[in-house]
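To be precise, the following lines are protein_30.txt, and they hold compact mmCIF, C-alpha atoms.
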# COMPACT_ATOMS: atom_id res chain seq x y z
CA MET A 1 -42.61 21.08 -79.30
CA ASN A 2 -42.10 19.18 -76.02
CA THR A 3 -43.41 22.16 -74.08
CA GLN A 4 -46.78 21.85 -75.86
CA LYS A 5 -47.08 18.12 -75.13
CA ILE A 6 -46.88 18.60 -71.36
CA PRO A 7 -50.00 20.82 -71.12
CA ILE A 8 -51.91 18.47 -73.45
CA VAL A 9 -50.90 15.41 -71.39
CA ALA A 10 -51.88 17.23 -68.17
CA PHE A 11 -55.22 18.24 -69.72
CA VAL A 12 -55.95 14.66 -70.83
CA PHE A 13 -55.02 13.34 -67.39
CA ILE A 14 -57.25 15.85 -65.58
CA MET A 15 -60.18 15.15 -67.92
CA THR A 16 -59.75 11.37 -67.39
CA VAL A 17 -59.78 11.81 -63.60
CA LEU A 18 -62.85 14.06 -63.79
CA ALA A 19 -64.68 11.64 -66.09
CA ALA A 20 -63.95 8.75 -63.72
CA ALA A 21 -65.18 10.75 -60.73
CA CYS A 22 -68.35 11.80 -62.54
CA SER A 23 -69.07 8.27 -63.74
CA GLN A 24 -69.31 7.10 -60.12
CA GLY A 25 -71.79 9.89 -59.52
CA PRO A 26 -74.30 10.34 -56.72
CA ASP A 27 -75.83 6.86 -57.26
CA ARG A 28 -72.66 5.13 -56.14
CA PRO A 29 -73.23 3.18 -52.89
CA GLU A 30 -71.35 4.54 -49.88
CA GLU A 31 -69.99 2.27 -47.17
CA ILE A 32 -71.15 3.44 -43.75
CA GLY A 33 -69.99 0.49 -41.64
CA ARG A 34 -67.59 -2.41 -41.98
CA PHE A 35 -67.31 -5.52 -39.83
CA PRO A 36 -64.41 -7.67 -41.12
CA ILE A 37 -64.79 -10.45 -38.48
CA ASN A 38 -61.16 -10.77 -37.45
CA ASP A 39 -62.13 -11.72 -33.89
CA MET A 40 -65.21 -12.20 -31.68
CA GLU A 41 -65.37 -8.53 -30.63
CA GLY A 42 -68.92 -7.20 -31.02
CA ILE A 43 -70.46 -10.53 -32.07
CA ILE A 44 -73.58 -11.07 -29.96
CA THR A 45 -74.24 -14.82 -30.34
CA ARG A 46 -71.39 -16.82 -28.80
CA SER A 47 -72.83 -20.35 -28.78
CA GLY A 48 -72.07 -22.55 -31.81
CA VAL A 49 -69.78 -19.98 -33.42
CA GLN A 50 -66.01 -19.61 -33.68
CA ILE A 51 -63.39 -17.67 -35.58
CA ASP A 52 -61.91 -19.67 -38.48
CA ARG A 53 -58.46 -18.43 -39.51
CA GLU A 54 -58.12 -20.95 -42.37
CA ILE A 55 -61.32 -20.42 -44.37
CA THR A 56 -61.80 -16.71 -45.00
CA SER A 57 -62.86 -14.47 -47.89
CA ASP A 58 -60.51 -11.61 -46.99
CA GLY A 59 -57.54 -13.50 -45.51
CA ASN A 60 -58.13 -12.26 -41.95
CA GLY A 61 -60.48 -14.89 -40.54
CA SER A 62 -64.21 -15.51 -40.73
CA LEU A 63 -67.00 -16.61 -38.40
CA LEU A 64 -67.86 -20.30 -38.66
CA VAL A 65 -71.34 -21.31 -37.54
CA THR A 66 -72.03 -25.01 -37.00
CA ALA A 67 -75.80 -25.52 -36.84
CA ASN A 68 -77.37 -28.80 -35.73
CA GLU A 69 -80.83 -27.22 -35.93
CA PRO A 70 -82.36 -23.97 -37.21
CA VAL A 71 -80.69 -20.95 -35.62
CA THR A 72 -80.55 -17.17 -35.90
CA VAL A 73 -77.04 -15.91 -35.21
CA LYS A 74 -77.08 -12.37 -33.86
CA LEU A 75 -73.99 -10.69 -35.21
CA TYR A 76 -73.83 -6.93 -34.67
CA GLU A 77 -75.91 -3.91 -33.65
CA THR A 78 -75.05 -0.41 -34.79
CA GLY A 79 -76.96 1.99 -32.58
CA ASP A 80 -78.24 5.17 -34.27
CA ILE A 81 -76.82 5.53 -37.77
CA HIS A 82 -78.37 8.93 -38.67
CA LEU A 83 -79.65 7.90 -42.09
CA GLU A 84 -82.95 8.49 -43.87
CA ASN A 85 -84.31 8.79 -47.40
CA ALA A 86 -81.95 6.08 -48.69
CA GLN A 87 -81.45 2.35 -49.13
CA LEU A 88 -79.60 0.72 -46.26
CA ILE A 89 -77.93 -2.45 -47.56
CA TYR A 90 -76.55 -5.24 -45.35
CA ARG A 91 -73.93 -7.08 -47.42
CA ALA A 92 -71.69 -10.01 -46.49
CA GLN A 93 -69.64 -12.86 -47.89
CA LEU A 94 -71.15 -16.31 -47.19
CA ARG A 95 -69.89 -19.84 -47.73
CA THR A 96 -71.76 -23.07 -46.93
CA GLU A 97 -70.93 -26.73 -46.45
CA ASN A 98 -73.54 -29.51 -46.41
CA VAL A 99 -76.39 -27.17 -45.49
CA GLU A 100 -79.78 -28.85 -45.38
CA GLY A 101 -82.26 -25.99 -45.53
CA GLN A 102 -81.71 -22.33 -46.32
CA VAL A 103 -79.20 -19.69 -45.26
CA TYR A 104 -79.80 -15.96 -45.64
CA LEU A 105 -79.04 -12.54 -44.18
CA GLU A 106 -81.57 -10.74 -41.97
CA MET A 107 -81.56 -7.07 -40.92
CA TRP A 108 -83.80 -5.49 -38.28
CA CYS A 109 -84.27 -1.71 -38.12
CA SER A 110 -85.69 -0.17 -34.95
CA PHE A 111 -87.60 3.12 -35.13
CA PRO A 112 -88.45 5.21 -32.06
CA GLY A 113 -92.15 4.96 -31.26
CA LYS A 114 -92.83 2.57 -34.18
CA GLY A 115 -91.05 -0.68 -33.32
CA GLU A 116 -88.81 -3.02 -35.29
CA PHE A 117 -89.08 -3.98 -38.96
CA PHE A 118 -87.02 -6.50 -40.92
CA SER A 119 -85.54 -7.23 -44.32
CA ARG A 120 -84.49 -10.73 -45.34
CA ALA A 121 -82.44 -11.90 -48.32
CA LEU A 122 -84.99 -14.54 -49.31
CA GLN A 123 -84.56 -13.84 -53.04
CA SER A 124 -81.38 -15.93 -53.14
CA PRO A 125 -80.97 -18.17 -50.06
CA LEU A 126 -78.02 -20.54 -50.00
CA SER A 127 -78.09 -24.30 -49.39
CA GLY A 128 -75.86 -27.31 -49.98
CA THR A 129 -72.17 -26.56 -50.45
CA MET A 130 -71.28 -23.19 -51.97
CA GLU A 131 -68.04 -21.26 -52.32
CA TRP A 132 -67.87 -17.61 -51.18
CA SER A 133 -70.65 -15.47 -52.58
CA THR A 134 -71.84 -11.95 -51.90
CA GLN A 135 -75.29 -11.83 -50.32
CA GLU A 136 -77.25 -8.71 -49.44
CA THR A 137 -80.58 -7.47 -48.20
CA PRO A 138 -81.81 -3.86 -48.55
CA PHE A 139 -84.04 -1.79 -46.29
CA LEU A 140 -85.75 1.25 -47.84
CA LEU A 141 -85.74 4.27 -45.56
CA GLN A 142 -88.15 7.04 -46.53
CA LYS A 143 -87.73 10.68 -45.51
CA GLY A 144 -88.16 10.93 -41.73
CA GLU A 145 -87.43 7.21 -41.19
CA ASN A 146 -84.19 7.18 -39.20
CA PRO A 147 -83.47 3.90 -37.37
CA ASP A 148 -82.08 4.23 -33.85
CA ASN A 149 -80.60 0.72 -34.10
CA VAL A 150 -79.79 -1.80 -36.84
CA LYS A 151 -79.33 -5.49 -36.07
CA MET A 152 -77.49 -7.76 -38.48
CA ASN A 153 -78.23 -11.49 -38.28
CA LEU A 154 -77.44 -14.70 -40.13
CA VAL A 155 -80.35 -17.15 -40.38
CA ILE A 156 -79.84 -20.88 -40.87
CA ASN A 157 -83.18 -22.62 -41.41
CA GLY A 158 -81.79 -26.12 -41.19
CA LYS A 159 -78.39 -27.52 -40.33
CA GLY A 160 -74.85 -27.48 -41.66
CA LYS A 161 -71.76 -25.26 -41.63
CA VAL A 162 -71.82 -21.62 -42.67
CA TRP A 163 -68.99 -19.11 -42.81
CA ILE A 164 -69.67 -15.36 -42.85
CA ASP A 165 -67.06 -12.70 -43.50
CA ASP A 166 -66.53 -9.10 -44.59
CA ILE A 167 -69.85 -7.66 -43.41
CA ARG A 168 -70.68 -4.17 -44.63
CA LEU A 169 -73.49 -1.66 -44.25
CA VAL A 170 -73.87 0.39 -47.39
CA MET A 171 -76.03 3.40 -48.17
CA ALA A 172 -77.41 3.99 -51.65
CA PRO A 173 -79.94 6.53 -52.92
CA LEU A 174 -83.58 5.53 -53.25
CA ARG A 175 -84.51 4.80 -56.85
Take the structure in the file and write it out as structure tokens.
Amino acid sequence: MNTQKIPIVAFVFIMTVLAAACSQGPDRPEEIGRFPINDMEGIITRSGVQIDREITSDGNGSLLVTANEPVTVKLYETGDIHLENAQLIYRAQLRTENVEGQVYLEMWCSFPGKGEFFSRALQSPLSGTMEWSTQETPFLLQKGENPDNVKMNLVINGKGKVWIDDIRLVMAPLR
């Protein structure tokens, strides 16, 4: 009797694993770049920013921006990412303290011979004092639209303190 239970248990286990894999399916977003902000390496804007080891969403440090006036903080550039016919999503963890104005993510995609185009997370800008929240902005890439560079920025239209951490670029299928 025990010999029959082993194949049944193995069958149930295999079917559970297959069902879990299929449930994620082809619509599951795929991470194509991660920028954890553990140090200043790769960060473009150096004025008014510093690494904060105490306040962090992932336990490894975050970038603290202290803005006394509106500012666009240039964070990272990717170079060619070889992606088309998909959604490119810039996602990050943000936290604010005493922000007067709005804070949001901004992504610029550069296309050879066409110029630069942007996407901004204006649907849910942050202000005031907020704990860590996930913010994102998508860019829809049609077939044949392959950016040769992607720029990730943080925009503070006002003043206050903003922390950014755990930046990711994610690819998802067009819907």
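Counting all atoms listed in the file, the residue from A:Arg120, A:Lys114, A:Lys159, A:Lys143 that sits nearest to Ile89 (chain A) is A:Arg120.
By chain and then residue number, the residues within 10 Å of Leu88 (chain A) are A:Pro29, A:Glu30, A:Glu31, A:Ile32, A:Leu83, A:Met107, A:Cys109, A:Thr137, A:Pro138, A:Phe139, A:Leu140, A:Leu141, A:Val150, A:Leu169, A:Val170, A:Met171, A:Ala172, A:Pro173, A:Leu174, counting all atoms listed in the file and disregarding those fewer than 5 positions away in sequence.
Distances here use all atoms listed in the file; by that measure, the residue among A:Val65, A:Leu154, A:Gly33, A:Gly59 closest to Ser47 (chain A) is A:Val65.
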Shell of 7 Å around Ile164 (chain A), all atoms listed in the file, local chain residues under 3 positions omitted, as a list in words: Ser62, Leu63, Leu64, Ala92, Gln93, Leu94 and Arg95 of chain A
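The two atoms in question, CA of Gln50 (chain A) and CA of Leu122 (chain A), are spaced 25.1 Å apart.
When all atoms listed in the file are used to measure the gap to Asn60 (chain A), the shortest distance among A:Asp148, A:Glu106, A:Glu84, A:Asp39 belongs to A:Asp39.
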Let me know the centre plus edge lengths, in Å and rounded to one decimal, of a box with edges along x, y and z that contains all listed atoms of region 137-147 of chain A and is padded by 4 Å on every side, as JSON.
{"center_x": -84.4, "center_y": 1.7, "center_z": -43.0, "size_x": 15.6, "size_y": 26.4, "size_z": 19.2}
Give me, as a PDB file with C-alpha atoms, in the coordinates of the input, all polymer residues having an atom no more than 6 Å from Ile156 (chain A), counting all atoms listed in the file and skipping those fewer than 6 positions away in the same chain.
ATOM      1  CA  PRO A  70     -82.360 -23.970 -37.210  1.00  0.00           C
ATOM      2  CA  VAL A  71     -80.690 -20.950 -35.620  1.00  0.00           C
ATOM      3  CA  GLN A 102     -81.710 -22.330 -46.320  1.00  0.00           C
ATOM      4  CA  VAL A 103     -79.200 -19.690 -45.260  1.00  0.00           C
TER       5      VAL A 103
END
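If you look at CA of Asp80 (chain A) and CA of Glu145 (chain A), they are 11.7 Å away from each other.
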Close residues, Leu105 (chain A) itself excluded, 8 Å, all atoms listed in the file, min 3 positions apart in chain, as a ChimeraX atom specification: /A:90,120-121,135-137,152-155
Restrict the selected residues to C-alpha atoms and save them as an mmCIF file, in the frame of the given file.
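Resulting contents of again.cif:
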data_model
loop_
_atom_site.group_PDB
_atom_site.id
_atom_site.type_symbol
_atom_site.label_atom_id
_atom_site.label_comp_id
_atom_site.auth_asym_id
_atom_site.auth_seq_id
_atom_site.Cartn_x
_atom_site.Cartn_y
_atom_site.Cartn_z
ATOM 1 C CA TYR A 90 -76.550 -5.240 -45.350
ATOM 2 C CA ARG A 120 -84.490 -10.730 -45.340
ATOM 3 C CA ALA A 121 -82.440 -11.900 -48.320
ATOM 4 C CA GLN A 135 -75.290 -11.830 -50.320
ATOM 5 C CA GLU A 136 -77.250 -8.710 -49.440
ATOM 6 C CA THR A 137 -80.580 -7.470 -48.200
ATOM 7 C CA MET A 152 -77.490 -7.760 -38.480
ATOM 8 C CA ASN A 153 -78.230 -11.490 -38.280
ATOM 9 C CA LEU A 154 -77.440 -14.700 -40.130
ATOM 10 C CA VAL A 155 -80.350 -17.150 -40.380
#
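Shortest atom-to-atom contact with Phe111 (chain A) among A:Thr96, A:Asn68, A:Thr56, A:Asn146: A:Asn146, counting all atoms listed in the file.
Picture a line from CA of Gly101 (chain A) to CA of Glu131 (chain A); it runs 16.5 Å.
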Distance criterion (all atoms listed in the file): nearest to Ile81 (chain A) out of A:Ser110, A:Ser133, A:Ser127, A:Thr45: A:Ser110
Shortest interatomic distance to Glu116 (chain A) - which of A:Arg53, A:Lys151, A:Arg168, A:Arg28, counting only C-alpha atoms: A:Lys151
